[in-house]
$ cat upload_32.tsv   # TSV, C-alpha atoms and all ligand atoms
chain	number	residue	atom	x	y	z
X	210	MET	CA	0.89	54.15	13.79
X	211	LYS	CA	4.06	52.13	14.22
X	212	ASN	CA	1.86	49.12	15.01
X	213	ILE	CA	-0.25	49.61	11.91
X	214	ILE	CA	2.88	49.69	9.73
X	215	LEU	CA	4.19	46.53	11.37
X	216	ILE	CA	0.87	44.69	10.94
X	217	SER	CA	0.68	45.77	7.26
X	218	ALA	CA	4.22	44.50	6.71
X	219	PHE	CA	3.29	41.12	8.22
X	220	ILE	CA	0.19	40.89	6.04
X	221	LEU	CA	2.23	41.70	2.92
X	222	LEU	CA	4.87	39.16	3.88
X	223	GLY	CA	2.14	36.58	4.48
X	224	CYS	CA	0.68	37.22	1.00
X	225	ASN	CA	4.07	36.79	-0.62
X	226	GLU	CA	4.61	33.58	1.26
X	227	ASN	CA	1.26	32.30	0.08
X	228	LYS	CA	2.19	33.14	-3.49
X	229	LEU	CA	5.45	31.29	-3.04
X	230	ASN	CA	3.59	28.28	-1.65
X	231	LEU	CA	1.19	28.46	-4.56
X	232	LYS	CA	4.14	28.32	-6.93
X	233	LYS	CA	5.45	25.27	-5.06
X	234	GLU	CA	2.01	23.69	-5.19
X	235	ILE	CA	1.94	23.47	-8.98
X	236	THR	CA	5.45	22.05	-9.32
X	237	HIS	CA	4.20	18.49	-9.58
X	238	ASP	CA	0.90	18.27	-11.32
X	239	PHE	CA	1.09	14.49	-11.35
X	240	GLY	CA	3.02	11.75	-9.64
X	241	ILE	CA	2.99	8.12	-8.58
X	242	VAL	CA	4.29	6.03	-5.67
X	243	ILE	CA	4.23	2.24	-5.37
X	244	HIS	CA	5.13	-0.23	-2.63
X	245	GLY	CA	5.84	-3.93	-2.58
X	246	GLY	CA	5.46	-4.46	1.15
X	247	ALA	CA	7.24	-3.51	4.36
X	248	GLY	CA	8.96	-5.84	6.79
X	249	THR	CA	12.23	-7.28	8.00
X	250	ILE	CA	13.99	-6.68	4.71
X	251	LEU	CA	17.71	-6.69	5.44
X	252	LYS	CA	20.64	-6.28	3.08
X	253	LYS	CA	22.45	-9.17	4.78
X	254	ASN	CA	19.62	-11.56	3.85
X	255	MET	CA	19.40	-10.48	0.23
X	256	SER	CA	21.60	-11.65	-2.65
X	257	ASP	CA	22.61	-9.05	-5.24
X	258	GLU	CA	20.72	-11.03	-7.84
X	259	ILE	CA	17.42	-11.05	-5.93
X	260	GLU	CA	17.81	-7.40	-4.97
X	261	LEU	CA	18.25	-6.49	-8.62
X	262	LYS	CA	15.11	-8.44	-9.52
X	263	TYR	CA	13.11	-6.43	-6.99
X	264	ARG	CA	14.55	-3.12	-8.14
X	265	ASN	CA	13.86	-3.96	-11.79
X	266	ILE	CA	10.24	-4.92	-11.32
X	267	LEU	CA	9.57	-1.89	-9.10
X	268	GLU	CA	11.00	0.27	-11.85
X	269	VAL	CA	8.89	-1.40	-14.54
X	270	ALA	CA	5.72	-1.01	-12.46
X	271	VAL	CA	6.24	2.64	-11.49
X	272	LYS	CA	7.19	3.57	-15.05
X	273	ALA	CA	4.06	1.89	-16.44
X	274	GLY	CA	1.84	4.01	-14.19
X	275	HIS	CA	3.87	7.13	-14.84
X	276	GLU	CA	3.51	6.71	-18.61
X	277	ILE	CA	-0.28	6.62	-18.24
X	278	LEU	CA	-0.25	9.78	-16.11
X	279	LYS	CA	2.17	11.58	-18.42
X	280	ASN	CA	-0.19	10.98	-21.34
X	281	GLY	CA	-3.11	12.45	-19.44
X	282	GLY	CA	-4.54	9.11	-18.26
X	283	THR	CA	-6.39	8.75	-15.00
X	284	SER	CA	-4.89	7.99	-11.60
X	285	GLN	CA	-7.32	5.04	-11.47
X	286	LEU	CA	-5.80	3.45	-14.56
X	287	ALA	CA	-2.25	4.17	-13.38
X	288	VAL	CA	-2.94	2.51	-10.01
X	289	GLU	CA	-4.58	-0.51	-11.64
X	290	LYS	CA	-1.87	-1.12	-14.24
X	291	SER	CA	1.06	-0.63	-11.87
X	292	ILE	CA	-0.50	-3.00	-9.35
X	293	ASN	CA	-1.31	-5.56	-12.08
X	294	ILE	CA	2.42	-5.78	-12.86
X	295	LEU	CA	3.27	-6.41	-9.20
X	296	GLU	CA	0.40	-8.90	-8.83
X	297	ASP	CA	1.73	-10.89	-11.79
X	298	SER	CA	5.24	-11.02	-10.32
X	299	PRO	CA	5.87	-14.01	-8.01
X	300	LEU	CA	8.20	-11.81	-5.93
X	301	PHE	CA	5.36	-10.08	-4.10
X	302	ASN	CA	2.62	-11.17	-1.73
X	303	SER	CA	-0.27	-10.52	-4.10
X	304	GLY	CA	-1.77	-12.34	-7.06
X	305	LYS	CA	0.80	-14.93	-8.20
X	306	GLY	CA	3.17	-15.61	-5.30
X	307	ALA	CA	0.72	-14.57	-2.60
X	308	VAL	CA	1.33	-16.11	0.82
X	309	LEU	CA	-0.57	-19.28	1.69
X	310	ASN	CA	-3.21	-19.77	4.37
X	311	SER	CA	-3.14	-22.65	6.87
X	312	LYS	CA	-4.80	-24.93	4.31
X	313	GLY	CA	-2.10	-24.23	1.74
X	314	TYR	CA	-3.85	-21.98	-0.74
X	315	ALA	CA	-4.00	-18.25	-1.40
X	316	GLU	CA	-6.87	-16.04	-0.24
X	317	LEU	CA	-6.62	-12.67	-1.90
X	318	ASP	CA	-7.65	-9.24	-0.61
X	319	ALA	CA	-7.64	-5.95	-2.52
X	320	SER	CA	-9.24	-2.53	-2.47
X	321	PHE	CA	-9.36	0.63	-4.54
X	322	MET	CA	-10.56	4.17	-3.80
X	323	ASP	CA	-11.19	7.11	-6.08
X	324	GLY	CA	-10.41	10.46	-4.45
X	325	LYS	CA	-12.75	12.51	-6.62
X	326	SER	CA	-16.02	10.68	-5.99
X	327	LEU	CA	-15.01	8.86	-2.77
X	328	ASN	CA	-16.24	5.74	-4.52
X	329	ALA	CA	-14.53	2.54	-3.50
X	330	GLY	CA	-14.48	-1.19	-4.15
X	331	ALA	CA	-12.90	-4.22	-2.51
X	332	VAL	CA	-12.64	-8.00	-2.61
X	333	SER	CA	-11.58	-10.22	0.27
X	334	GLY	CA	-10.79	-13.91	0.52
X	335	ALA	CA	-10.96	-14.41	-3.24
X	336	LYS	CA	-9.39	-17.67	-4.43
X	337	LYS	CA	-9.40	-17.43	-8.20
X	338	ILE	CA	-9.06	-13.83	-9.36
X	339	LYS	CA	-5.77	-13.35	-11.21
X	340	ASN	CA	-5.70	-9.58	-10.59
X	341	PRO	CA	-7.69	-8.75	-7.45
X	342	ILE	CA	-7.16	-4.96	-7.81
X	343	SER	CA	-9.04	-5.07	-11.12
X	344	ALA	CA	-11.87	-6.91	-9.40
X	345	ALA	CA	-11.96	-4.28	-6.65
X	346	ILE	CA	-12.34	-1.59	-9.32
X	347	LYS	CA	-15.15	-3.56	-10.99
X	348	VAL	CA	-16.93	-3.84	-7.61
X	349	MET	CA	-16.74	-0.05	-7.37
X	350	GLU	CA	-17.91	0.53	-10.94
X	351	ASN	CA	-20.38	-2.25	-11.63
X	352	SER	CA	-21.97	-3.24	-8.32
X	353	PRO	CA	-24.01	-1.37	-5.75
X	354	HIS	CA	-21.60	-2.61	-3.04
X	355	VAL	CA	-18.19	-1.73	-1.66
X	356	MET	CA	-16.85	-5.15	-0.60
X	357	LEU	CA	-17.47	-8.67	-1.88
X	358	SER	CA	-15.94	-11.73	-0.24
X	359	GLY	CA	-14.99	-15.36	-0.87
X	360	ASN	CA	-16.83	-17.33	-3.55
X	361	GLY	CA	-19.10	-14.36	-4.21
X	362	ALA	CA	-16.12	-12.21	-5.14
X	363	ASP	CA	-14.81	-14.92	-7.49
X	364	GLU	CA	-18.25	-15.33	-9.06
X	365	PHE	CA	-18.64	-11.57	-9.53
X	366	ALA	CA	-15.20	-11.41	-11.20
X	367	ARG	CA	-16.27	-14.22	-13.54
X	368	GLN	CA	-19.40	-12.29	-14.48
X	369	GLN	CA	-17.23	-9.25	-15.16
X	370	ASN	CA	-15.10	-11.34	-17.56
X	371	LEU	CA	-11.99	-10.98	-15.43
X	372	GLU	CA	-9.39	-13.70	-15.72
X	373	LEU	CA	-9.77	-16.55	-13.20
X	374	MET	CA	-7.04	-19.07	-12.34
X	375	ASN	CA	-6.82	-22.40	-10.53
X	376	ALA	CA	-5.44	-22.39	-6.98
X	377	ASP	CA	-2.13	-23.80	-8.28
X	378	TYR	CA	-1.41	-20.69	-10.34
X	379	PHE	CA	-0.92	-18.59	-7.19
X	380	ILE	CA	1.29	-21.10	-5.30
X	381	THR	CA	5.09	-20.82	-5.43
X	382	GLU	CA	7.76	-23.01	-3.82
X	383	ARG	CA	8.99	-20.08	-1.75
X	384	ARG	CA	5.58	-19.53	-0.19
X	385	LYS	CA	5.21	-23.27	0.51
X	386	LYS	CA	8.48	-23.15	2.45
X	387	ASN	CA	7.34	-20.04	4.35
X	388	LEU	CA	4.15	-21.80	5.34
X	389	GLU	CA	6.10	-24.80	6.70
X	390	LYS	CA	8.37	-22.45	8.67
X	391	VAL	CA	5.51	-20.53	10.24
X	392	LYS	CA	3.63	-23.75	11.04
X	393	SER	CA	6.69	-25.18	12.80
X	394	ILE	CA	7.01	-22.02	14.95
X	395	GLU	CA	3.37	-22.48	15.97
X	396	ASN	CA	3.81	-26.20	16.65
X	397	ILE	CA	6.89	-25.70	18.81
X	398	SER	CA	5.02	-23.17	20.88
X	399	LYS	CA	2.08	-25.56	21.29
X	400	LYS	CA	4.34	-28.43	22.36
X	401	THR	CA	6.41	-26.39	24.78
X	402	SER	CA	3.38	-24.37	25.94
X	403	ASN	CA	5.57	-21.33	25.43
X	404	LYS	CA	3.56	-18.38	24.31
X	405	ILE	CA	4.40	-17.33	20.77
X	406	ASN	CA	6.45	-14.19	20.61
X	407	TYR	CA	4.04	-12.60	18.18
X	408	ASP	CA	6.43	-9.87	17.24
X	409	GLU	CA	9.06	-12.38	16.10
X	410	PHE	CA	6.38	-14.64	14.69
X	411	TYR	CA	4.95	-12.05	12.39
X	412	LYS	CA	8.33	-10.64	11.53
X	413	SER	CA	9.37	-14.11	10.44
X	414	GLN	CA	6.74	-14.00	7.74
X	415	LEU	CA	7.78	-12.28	4.59
X	416	TYR	CA	5.44	-9.45	3.88
X	417	GLY	CA	5.10	-8.21	0.32
X	418	THR	CA	1.68	-6.68	-0.13
X	419	VAL	CA	1.60	-4.28	-3.05
X	420	GLY	CA	0.05	-0.85	-3.37
X	421	CYS	CA	0.00	2.27	-5.47
X	422	VAL	CA	-1.10	5.88	-5.03
X	423	ALA	CA	-1.28	8.40	-7.84
X	424	LEU	CA	-2.18	11.98	-8.69
X	425	ASP	CA	-3.21	12.63	-12.29
X	426	LYS	CA	-3.09	15.79	-14.41
X	427	HIS	CA	-6.80	16.35	-13.75
X	428	GLY	CA	-6.07	16.74	-10.03
X	429	ASN	CA	-7.56	13.38	-9.10
X	430	LEU	CA	-6.05	11.10	-6.50
X	431	ALA	CA	-6.46	7.32	-6.35
X	432	ALA	CA	-5.17	4.53	-4.12
X	433	GLY	CA	-5.09	0.74	-4.37
X	434	THR	CA	-3.74	-2.16	-2.33
X	435	SER	CA	-3.56	-5.90	-3.11
X	436	THR	CA	-2.34	-8.75	-0.89
X	437	GLY	CA	-2.41	-12.40	0.07
X	438	GLY	CA	-2.46	-11.29	3.72
X	439	MET	CA	-0.48	-13.29	6.27
X	440	THR	CA	1.13	-16.71	6.00
X	441	ASN	CA	-0.79	-19.49	7.76
X	442	LYS	CA	-3.85	-17.32	8.29
X	443	LYS	CA	-6.89	-19.20	9.57
X	444	TRP	CA	-10.64	-18.84	9.86
X	445	ASN	CA	-10.87	-16.66	6.74
X	446	ARG	CA	-8.83	-13.96	8.45
X	447	ILE	CA	-9.09	-10.63	6.65
X	448	GLY	CA	-6.44	-7.94	7.05
X	449	ASP	CA	-6.41	-4.22	6.44
X	450	ALA	CA	-5.74	-4.30	2.70
X	451	PRO	CA	-9.38	-4.64	1.56
X	452	ILE	CA	-10.68	-2.29	4.26
X	453	ILE	CA	-11.31	1.25	3.10
X	454	GLY	CA	-9.82	3.62	5.66
X	455	ALA	CA	-7.34	1.06	7.01
X	456	GLY	CA	-5.40	-0.30	4.01
X	457	THR	CA	-6.52	2.17	1.37
X	458	TYR	CA	-7.91	5.69	1.31
X	459	ALA	CA	-8.14	8.54	-1.20
X	460	ASN	CA	-9.74	11.97	-1.04
X	461	ASN	CA	-9.01	14.77	-3.51
X	462	LEU	CA	-9.17	17.23	-0.59
X	463	THR	CA	-6.12	15.68	1.01
X	464	CYS	CA	-4.22	12.59	-0.15
X	465	ALA	CA	-4.19	9.00	-1.32
X	466	VAL	CA	-2.72	6.29	0.94
X	467	SER	CA	-1.86	2.59	0.68
X	468	SER	CA	-0.73	0.61	3.76
X	469	THR	CA	1.35	-2.49	4.30
X	470	GLY	CA	2.37	-4.37	7.40
X	471	TRP	CA	0.74	-6.08	10.33
X	472	GLY	CA	-2.84	-5.51	9.23
X	473	GLU	CA	-4.57	-5.85	12.57
X	474	PHE	CA	-2.85	-2.68	13.78
X	475	PHE	CA	-3.77	-0.76	10.63
X	476	ILE	CA	-7.41	-1.73	11.15
X	477	ARG	CA	-7.36	-0.72	14.82
X	478	THR	CA	-5.83	2.68	14.03
X	479	VAL	CA	-7.84	3.23	10.80
X	480	ALA	CA	-4.42	4.14	9.51
X	481	ALA	CA	-5.00	5.31	5.94
X	482	PHE	CA	-7.98	7.46	6.87
X	483	ASP	CA	-6.18	8.85	9.89
X	484	ILE	CA	-3.44	10.26	7.66
X	485	ALA	CA	-6.04	11.97	5.46
X	486	ALA	CA	-7.93	13.21	8.53
X	487	LEU	CA	-4.80	14.74	10.09
X	488	MET	CA	-4.31	16.66	6.86
X	489	GLU	CA	-7.95	17.69	6.50
X	490	TYR	CA	-8.71	18.67	10.08
X	491	LYS	CA	-5.32	19.58	11.46
X	492	ASN	CA	-3.49	20.86	8.39
X	493	TYR	CA	-0.69	18.34	8.78
X	494	LYS	CA	1.85	17.98	5.99
X	495	ILE	CA	1.71	14.57	4.39
X	496	GLU	CA	5.05	13.42	5.76
X	497	ASP	CA	4.19	14.48	9.31
X	498	ALA	CA	0.79	12.79	9.14
X	499	ALA	CA	2.32	9.53	7.84
X	500	SER	CA	5.05	9.59	10.47
X	501	LEU	CA	2.62	10.21	13.31
X	502	VAL	CA	0.39	7.30	12.31
X	503	ILE	CA	3.20	4.81	11.63
X	504	ASN	CA	5.53	5.68	14.48
X	505	ASP	CA	3.41	7.19	17.21
X	506	LYS	CA	0.15	5.34	16.78
X	507	ILE	CA	0.94	1.94	15.21
X	508	GLY	CA	4.47	1.73	16.62
X	509	LYS	CA	3.36	2.48	20.16
X	510	LEU	CA	0.70	-0.23	20.02
X	511	GLY	CA	3.40	-2.72	18.99
X	512	GLY	CA	2.53	-2.93	15.31
X	513	ASN	CA	4.81	-2.55	12.35
X	514	GLY	CA	4.62	-1.71	8.68
X	515	GLY	CA	4.60	1.26	6.36
X	516	VAL	CA	2.56	3.50	4.11
X	517	ILE	CA	2.95	5.32	0.84
X	518	ALA	CA	0.98	8.50	0.28
X	519	ILE	CA	0.69	11.35	-2.22
X	520	ASP	CA	-1.14	14.61	-1.71
X	521	LYS	CA	-3.07	16.85	-4.08
X	522	LYS	CA	0.11	18.85	-4.77
X	523	GLY	CA	2.24	15.81	-5.58
X	524	ASN	CA	4.10	15.80	-2.24
X	525	ILE	CA	4.73	12.27	-1.06
X	526	ALA	CA	5.47	10.18	2.02
X	527	MET	CA	7.07	6.73	2.15
X	528	GLU	CA	7.09	6.03	5.90
X	529	MET	CA	7.90	2.79	7.71
X	530	ASN	CA	8.88	1.51	11.15
X	531	THR	CA	10.37	-1.67	9.70
X	532	PRO	CA	13.93	-2.15	8.39
X	533	GLY	CA	12.68	-1.93	4.83
X	534	MET	CA	9.86	-1.38	2.39
X	535	TYR	CA	10.03	-2.07	-1.34
X	536	ARG	CA	9.05	1.25	-2.87
X	537	ALA	CA	9.39	3.55	-5.87
X	538	HIS	CA	8.36	7.07	-6.81
X	539	MET	CA	8.22	9.10	-10.02
X	540	ASN	CA	7.31	12.76	-10.17
X	541	SER	CA	6.04	14.80	-13.09
X	542	GLU	CA	9.57	15.52	-14.25
X	543	GLY	CA	10.20	11.81	-14.59
X	544	LYS	CA	12.67	11.67	-11.71
X	545	ILE	CA	12.65	8.10	-10.46
X	546	LEU	CA	13.48	6.74	-6.99
X	547	VAL	CA	13.62	3.02	-6.25
X	548	LYS	CA	14.38	2.02	-2.67
X	549	ILE	CA	14.31	-1.06	-0.49
X	550	TYR	CA	16.02	-0.41	2.85
X	551	LYS	CA	14.83	2.16	5.35
X	552	ASP	CA	18.10	4.08	5.52
X	553	GLU	CA	18.73	4.34	1.76
S	1	LIG	N1	-1.27	-5.73	5.59
S	1	LIG	C1	-1.35	-7.06	5.08
S	1	LIG	C2	-2.30	-7.85	5.94
S	1	LIG	O1	-2.26	-7.72	7.13
S	1	LIG	C3	-0.05	-7.75	5.01
S	1	LIG	C4	1.10	-6.95	4.47
S	1	LIG	O2	0.97	-5.79	4.17
S	1	LIG	O3	2.16	-7.52	4.32
S	1	LIG	O4	-3.04	-8.63	5.41
$ encode --input "upload_32.tsv" --output "structure tokens" --more "lines below"
Ligand code: ASP
Amino acid sequence: MKNIILISAFILLGCNENKLNLKKEITHDFGIVIHGGAGTILKKNMSDEIELKYRNILEVAVKAGHEILKNGGTSQLAVEKSINILEDSPLFNSGKGAVLNSKGYAELDASFMDGKSLNAGAVSGAKKIKNPISAAIKVMENSPHVMLSGNGADEFARQQNLELMNADYFITERRKKNLEKVKSIENISKKTSNKINYDEFYKSQLYGTVGCVALDKHGNLAAGTSTGGMTNKKWNRIGDAPIIGAGTYANNLTCAVSSTGWGEFFIRTVAAFDIAALMEYKNYKIEDAASLVINDKIGKLGGNGGVIAIDKKGNIAMEMNTPGMYRAHMNSEGKILVKIYKDE
């Protein structure tokens, strides 16, 4: 009898807890997170003026997406418009200001995923598309394919009436200098036959990929990522950003994720999907899933970077194993967070 009473008490307590959780679940019926890349971003290397520029543009971009969501717009539109703002800013490694390949021009990668339908689209190695994330969305909506590459991607974007630019539009002085720096590291290593310290080598490149994840009032999640990839990349190298499951993933059952960092590691660990899978199959909380993938899986292999993620209840993760990641979050109450350094 005593046992029956105890068991009933536990069941009742359990029900109450569930109700409490349910209440917590509807606290944020929409929300948005953006990133502008993870890497060796240190306060000591940043002037106040430049830091302010980053914080301002992150704020503008997250607010633009938030406004769309607040007015009942879709997570897809919020992701696209926020990313467009970051792509148009020369500060980030996407669209204008993308890093340069070994031949001195930008090759652009982007992908988008819709968490409701699990539809997705991507472009890789595009050379002319002003806003690659918009092209990725068009691939999803208006082609029977998921990923288009190179000249084909540019041609498809032209047919979709998206804006195309000459190679010069994307090139900035800062990226030209970065390219020279990375090339000289490679040359020194060739001359001295010293193996490149790849960790230092990649860390010496300024990352700056952009991404956005959003939950809209209709309960739909979406994720997008857009990048120029890695400085001095050769042989039409493609990173994780245009790869669904690695750089971008969204599923209404779990979460939406956008990755940034040393792409090869995010491909090998299928990072974005892994976060969603940990939540779907193992009931992980979003922050725990993001931490496990970034620190335990990617970190242990020697990779570095970060992710942003939002779940179907508006809980978020902004996880990195680098000293910084440009990032911003707004919840349904309009509370805004803009951060750069890891320990802020
Ligand atoms: N993940 C991107 C790539 O490997 C680069 C970055 O996020 O900075 O292409």
$ atom_distance --input "upload_32.tsv" --atom1 "atom CA of X:Thr531" --atom2 "atom CA of X:Asp552"
10.5 Å
$ atom_distance --input "upload_32.tsv" --atom1 "atom N1 of ligand LIG 1 (chain S)" --atom2 "atom CA of X:Thr249"
13.8 Å
$ atom_distance --input "upload_32.tsv" --atom1 "atom CA of X:Gly304" --atom2 "atom CA of X:Ser291"
13.0 Å
$ residues_near_ligand --input "upload_32.tsv" --ligand "ligand LIG 1 (chain S)" --cutoff "6 Å" --atoms "all atoms listed in the file" --output "MDAnalysis selection string"
chainID X and resid 246 416:418 438:439 448:450 469:472
$ residues_around --input "upload_32.tsv" --residues "X:Ser298" --least-positions-apart "6" --cutoff "10 Å" --atoms "only C-alpha atoms" --output "ChimeraX atom specification"
/X:263,266,292,304-307
$ closest_atom_pairs --input "upload_32.tsv" --of "stretch 426-475 of chain X" --to "stretch 341-351 of chain X" --cutoff "10 Å" --atoms "all atoms listed in the file" --output "JSON lines"
{"residue": "X:Gly433", "atom": "CA", "partner": "X:Ile342", "partner_atom": "CA", "distance": 7.0}
{"residue": "X:Thr434", "atom": "CA", "partner": "X:Ile342", "partner_atom": "CA", "distance": 7.0}
{"residue": "X:Ser435", "atom": "CA", "partner": "X:Ile342", "partner_atom": "CA", "distance": 6.0}
{"residue": "X:Thr436", "atom": "CA", "partner": "X:Pro341", "partner_atom": "CA", "distance": 8.5}
{"residue": "X:Gly437", "atom": "CA", "partner": "X:Pro341", "partner_atom": "CA", "distance": 9.9}
{"residue": "X:Pro451", "atom": "CA", "partner": "X:Ala345", "partner_atom": "CA", "distance": 8.6}
$ closest_residue --input "upload_32.tsv" --among "X:Asn530, X:Asn396, X:Asn340, X:Ser468" --to "X:Ala366" --atoms "only C-alpha atoms"
X:Asn340
$ residues_around --input "upload_32.tsv" --residues "X:His427" --least-positions-apart "3" --cutoff "12 Å" --atoms "all atoms listed in the file" --output "PyMOL selection string"
chain X and resi 237-240+278-285+324-325+423-424+430-431+461+521-522
$ closest_residue --input "upload_32.tsv" --among "X:Arg264, X:Ser303, X:Leu309, X:Pro532" --to "X:Lys443" --atoms "all atoms listed in the file"
X:Leu309
$ residues_around --input "upload_32.tsv" --residues "stretch 488-502 of chain X" --least-positions-apart "6" --cutoff "9 Å" --atoms "only C-alpha atoms" --output "compact mmCIF listing (two decimals) with C-alpha atoms, in the coordinates of the input"
# COMPACT_ATOMS: atom_id res chain seq x y z
CA LEU X 462 -9.17 17.23 -0.59
CA THR X 463 -6.12 15.68 1.01
CA CYS X 464 -4.22 12.59 -0.15
CA THR X 478 -5.83 2.68 14.03
CA ALA X 480 -4.42 4.14 9.51
CA ALA X 481 -5.00 5.31 5.94
CA GLY X 508 4.47 1.73 16.62
CA GLY X 515 4.60 1.26 6.36
CA VAL X 516 2.56 3.50 4.11
CA ILE X 517 2.95 5.32 0.84
CA ALA X 518 0.98 8.50 0.28
CA ILE X 519 0.69 11.35 -2.22
CA ASP X 520 -1.14 14.61 -1.71
CA ASN X 524 4.10 15.80 -2.24
CA ILE X 525 4.73 12.27 -1.06
CA ALA X 526 5.47 10.18 2.02
CA MET X 527 7.07 6.73 2.15
CA GLU X 528 7.09 6.03 5.90
CA MET X 529 7.90 2.79 7.71
CA ASN X 530 8.88 1.51 11.15
$ closest_residue --input "upload_32.tsv" --among "X:Asn328, X:Ser467, X:Thr457, X:Asn429" --to "X:Val355" --atoms "all atoms listed in the file"
X:Asn328
$ closest_residue --input "upload_32.tsv" --among "X:Ile338, X:Glu289, X:Ala331, X:Lys252" --to "X:Tyr378" --atoms "all atoms listed in the file"
X:Ile338
$ closest_residue --input "upload_32.tsv" --among "X:Ile503, X:Ser352, X:Arg446, X:Phe365" --to "X:Ala247" --atoms "all atoms listed in the file"
X:Ile503
$ residues_around --input "upload_32.tsv" --residues "X:Leu546" --least-positions-apart "3" --cutoff "7 Å" --atoms "only C-alpha atoms" --output "list in words"
Ala537, His538 and Met539 of chain X
$ closest_residue --input "upload_32.tsv" --among "X:Glu389, X:Glu542, X:Asp425, X:Asp483" --to "X:Asp323" --atoms "all atoms listed in the file"
X:Asp425
$ residues_around --input "upload_32.tsv" --residues "stretch 383-386 of chain X" --least-positions-apart "2" --cutoff "12 Å" --atoms "only C-alpha atoms" --output "number ranges by chain"
X: 299-303, 305-315, 377, 379-381, 388-393, 414-417, 437, 439-441
$ residues_near_point --input "upload_32.tsv" --point "(12.4, -4.7, -7.6)" --cutoff "9 Å" --atoms "all atoms listed in the file" --output "compact mmCIF listing (two decimals) with C-alpha atoms, keeping the file's coordinate frame"
# COMPACT_ATOMS: atom_id res chain seq x y z
CA GLY X 245 5.84 -3.93 -2.58
CA ILE X 259 17.42 -11.05 -5.93
CA GLU X 260 17.81 -7.40 -4.97
CA LEU X 261 18.25 -6.49 -8.62
CA LYS X 262 15.11 -8.44 -9.52
CA TYR X 263 13.11 -6.43 -6.99
CA ARG X 264 14.55 -3.12 -8.14
CA ASN X 265 13.86 -3.96 -11.79
CA ILE X 266 10.24 -4.92 -11.32
CA LEU X 267 9.57 -1.89 -9.10
CA GLU X 268 11.00 0.27 -11.85
CA VAL X 269 8.89 -1.40 -14.54
CA LEU X 300 8.20 -11.81 -5.93
CA TYR X 535 10.03 -2.07 -1.34
CA ARG X 536 9.05 1.25 -2.87
CA ALA X 537 9.39 3.55 -5.87
CA VAL X 547 13.62 3.02 -6.25
CA LYS X 548 14.38 2.02 -2.67
CA ILE X 549 14.31 -1.06 -0.49
